[in-house]
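> The structure is given below, and queries will be raised subsequently.
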Amino acid sequence: MGRTGGRAIPKPWLLAAYGVAVVLLLIAPMFLSDFRLNLLSKFLAFAILALGLDLLWGYTGILSLGQGVFFGLGAYSMAMYLKLEATGGKLPDFMSWSGIDKLPAYWAPFGSFGFALAAAIALPALLAFALGWFTFRNRVRGVYFTILTQALVIIAVTLFVGQQGYTGGTNGITSFKTVLGFSLSDPNVKKALYYITAAVLIGCFVLCRWLVSTRLARVLEAIRDGENRVRFFGYDPAVFQSFAFALSGAFAGLAGVLFVFHVGIISPSMMGIVPSIEMVLWVAAGGRGTLIGAVVGTLALNGSKSLISEAYPDGWLLFLGALFIIVVVFLPRGLVGLFGTAVDFIRRRGKRHDRIPYRSVVSEGERQL
């Protein structure tokens with residue numbers, strides 16, 4: 001049995017839903033234009049980040065408003081590789097404009113795709129673990145931890161904007177042409193990157209489903225519901241909280257890598273406070289603590305944002321704001337909670353028809369006599 005929005009869902013229903021979702025992902029390139037496919041690829045990358053955030057917030061009870069930093073670190077790590085490949089290992093243009101005449105030593109290792117990919121996952125995870133370790137060990141939690149992660153965003157954005165000669169400043173890093181020698185503008189390459197992104201999302205989802213079925217998830221949920229009780233049982237909550245935070249950071253960094261492939265740019269504005277808050281809204285709207293809700297919420301909100309902004313370029317923010325209010329007020333369990341409610345309704349109706357009331361049987365017998 002799975003759980004959706006706090007309700008038990010029969011396993012066959014879940015397997016059927018997952019199967020349909022996978023089929024839709026596989027056939028999407030056959031029906032979508034290159035532009036729409038690129039948008040979907042970006043949304044799938046966001047969904048990977050949302051999965052990590054759902055593990056952290058939905059299962060561990062830790063609300064982070066700093067996921068944009070980890071996303072940005074992963075994106076910048078891969079962007080450095082792509083920029084060096086585009087320049088043939090020479091000095092990037094924004095460094096020349098800033099008066100730098102020699103490639104910084106820490107840039108050189110990013111000329112390797114393997115190193116850039118490993119750094120994109122490891123750096124966010126290590127930063128998240130270090131921050132989590134020192135804060136959770138000192139029992140900083142709740143709203144105080146949330147404010148701390150916001151401060152992390154402000155520091156990171158200020159640093160990346162201020163170091164224009166090394167990070168590209170407010171413009172960020174862009175003008176990528178190839179990845180591993182393949183042209184990023186080639187439709188076939190874009191389609192291949194889409195399938196890679198979809199495969200990574202499926203793999204991350206399977207990993208998360210496995211994690212939440214283990215004893216580790218029970219400990220995380222216990223920490224969420226009563227941290228002091230877990231401590232009295234002999235567990236150190238800081239270790240588990242730091243692990244969950246590091247894992248969410250790694251997922252965000254991986255999402256940043258895939259985002260750069262599809263969008264072709266990364267700038268400090270994409271790792272600021274507003275994007276970080278939007279990431280939380282994806283999980284909340286889909287249904288936190290469900291995993292699939294994080295994916296559904298990400299695709300639904302980003303898709304709505306794209307379609308509404310195209311149809312109403314002057315007032316799309318009003319529509320999007322109204323959508324958020326409706327979800328929060330009328331769908332406290334998120335969009336996926338509707339599925340759980342529908343299943344419960346169908347099961348109750350089925351049991352009602354299977355059961356023949358005693359009074360009806362007696363009345364029918366008396367009428368025949």
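Chain lettering (A, B, ...) mirrors the order of the structure tokens, residue numbering begins at 1 for each chain separately, and ligand numbering begins at 1 in order of display.
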Please identify the strand (DSSP E) residues within range 63-200 of chain A (assignment by DSSP from backbone atoms) and present them as a ChimeraX atom specification.
/A:173-174,178-179,182-183
> Export C-alpha atoms of the chosen residues as a short mmCIF file (atom, residue, chain, number, x, y, z; two decimals), in the first residue's frame?

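After the write, out-v2.cif holds the following:
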data_model
loop_
_atom_site.label_atom_id
_atom_site.label_comp_id
_atom_site.auth_asym_id
_atom_site.auth_seq_id
_atom_site.Cartn_x
_atom_site.Cartn_y
_atom_site.Cartn_z
CA ILE A 173 27.72 32.08 -17.29
CA THR A 174 26.26 31.46 -20.73
CA THR A 178 28.64 21.77 -27.01
CA VAL A 179 28.72 19.08 -24.35
CA PHE A 182 27.83 17.23 -29.20
CA SER A 183 26.07 20.40 -30.27
#
> If we count only C-alpha atoms, what is near Gly89 in chain A at a cut-off of 12 Å, once residues fewer than 2 positions away on the same chain are taken out, given as number ranges by chain?
A: 80-87, 91-93, 102-104, 107-112
> Among range 147-267 of chain A, which residues carry a DSSP assignment of helix (DSSP H, G or I), reported as a PyMOL selection string?
chain A and resi 147-162+164-167+169-171+187-211+215-225+227-232+237-263
> Residues of range 192-284 of chain A that have any atom at most 9 Å from an atom of range 131-153 of chain A: could you tabulate them with the shortest-distance atom pair and the distance in Å to one decimal, using only C-alpha atoms, ordered by chain and increasing number, as a Markdown table?

| residue | atom | partner | partner_atom | distance |
| --- | --- | --- | --- | --- |
| A:Asp236 | CA | A:Arg137 | CA | 9.0 |
| A:Pro237 | CA | A:Phe136 | CA | 7.9 |
| A:Ala238 | CA | A:Phe136 | CA | 5.0 |
| A:Val239 | CA | A:Trp133 | CA | 7.2 |
| A:Gln241 | CA | A:Gly132 | CA | 7.1 |
| A:Ser242 | CA | A:Gly132 | CA | 4.8 |
| A:Phe243 | CA | A:Gly132 | CA | 8.3 |
| A:Phe245 | CA | A:Gly132 | CA | 6.6 |
| A:Ala246 | CA | A:Gly132 | CA | 7.9 |
| A:Met271 | CA | A:Val153 | CA | 7.3 |
| A:Gly272 | CA | A:Val153 | CA | 6.0 |
| A:Ile273 | CA | A:Val153 | CA | 6.3 |
| A:Ser276 | CA | A:Val153 | CA | 8.5 |
> Write out, as a short mmCIF file (atom, residue, chain, number, x, y, z; two decimals), in the first residue's frame, the residues just selected, with N, CA and C atoms.

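And here is the file that came out, again_30.cif:
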data_model
loop_
_atom_site.label_atom_id
_atom_site.label_comp_id
_atom_site.auth_asym_id
_atom_site.auth_seq_id
_atom_site.Cartn_x
_atom_site.Cartn_y
_atom_site.Cartn_z
N ASP A 236 20.75 10.03 17.68
CA ASP A 236 21.21 11.41 17.57
C ASP A 236 20.50 12.05 16.37
N PRO A 237 19.49 12.86 16.60
CA PRO A 237 18.74 13.44 15.48
C PRO A 237 19.60 14.25 14.53
N ALA A 238 20.66 14.88 15.03
CA ALA A 238 21.49 15.73 14.19
C ALA A 238 22.12 14.94 13.04
N VAL A 239 22.46 13.69 13.29
CA VAL A 239 23.07 12.86 12.24
C VAL A 239 22.07 12.62 11.12
N GLN A 241 19.25 14.30 10.50
CA GLN A 241 18.84 15.56 9.89
C GLN A 241 19.89 16.06 8.91
N SER A 242 21.15 15.94 9.29
CA SER A 242 22.24 16.37 8.40
C SER A 242 22.29 15.52 7.14
N PHE A 243 22.04 14.21 7.30
CA PHE A 243 22.02 13.33 6.14
C PHE A 243 20.90 13.72 5.19
N PHE A 245 19.45 16.60 4.88
CA PHE A 245 19.77 17.90 4.29
C PHE A 245 20.82 17.75 3.20
N ALA A 246 21.83 16.92 3.44
CA ALA A 246 22.87 16.70 2.43
C ALA A 246 22.31 16.02 1.20
N MET A 271 19.20 31.54 -8.28
CA MET A 271 19.46 30.89 -7.00
C MET A 271 19.09 31.80 -5.83
N GLY A 272 18.26 32.82 -6.10
CA GLY A 272 17.88 33.79 -5.09
C GLY A 272 16.75 33.31 -4.19
N ILE A 273 16.22 34.24 -3.40
CA ILE A 273 15.17 33.92 -2.43
C ILE A 273 13.86 33.54 -3.13
N SER A 276 13.89 30.08 -4.51
CA SER A 276 13.91 29.12 -3.40
C SER A 276 12.53 28.96 -2.78
#
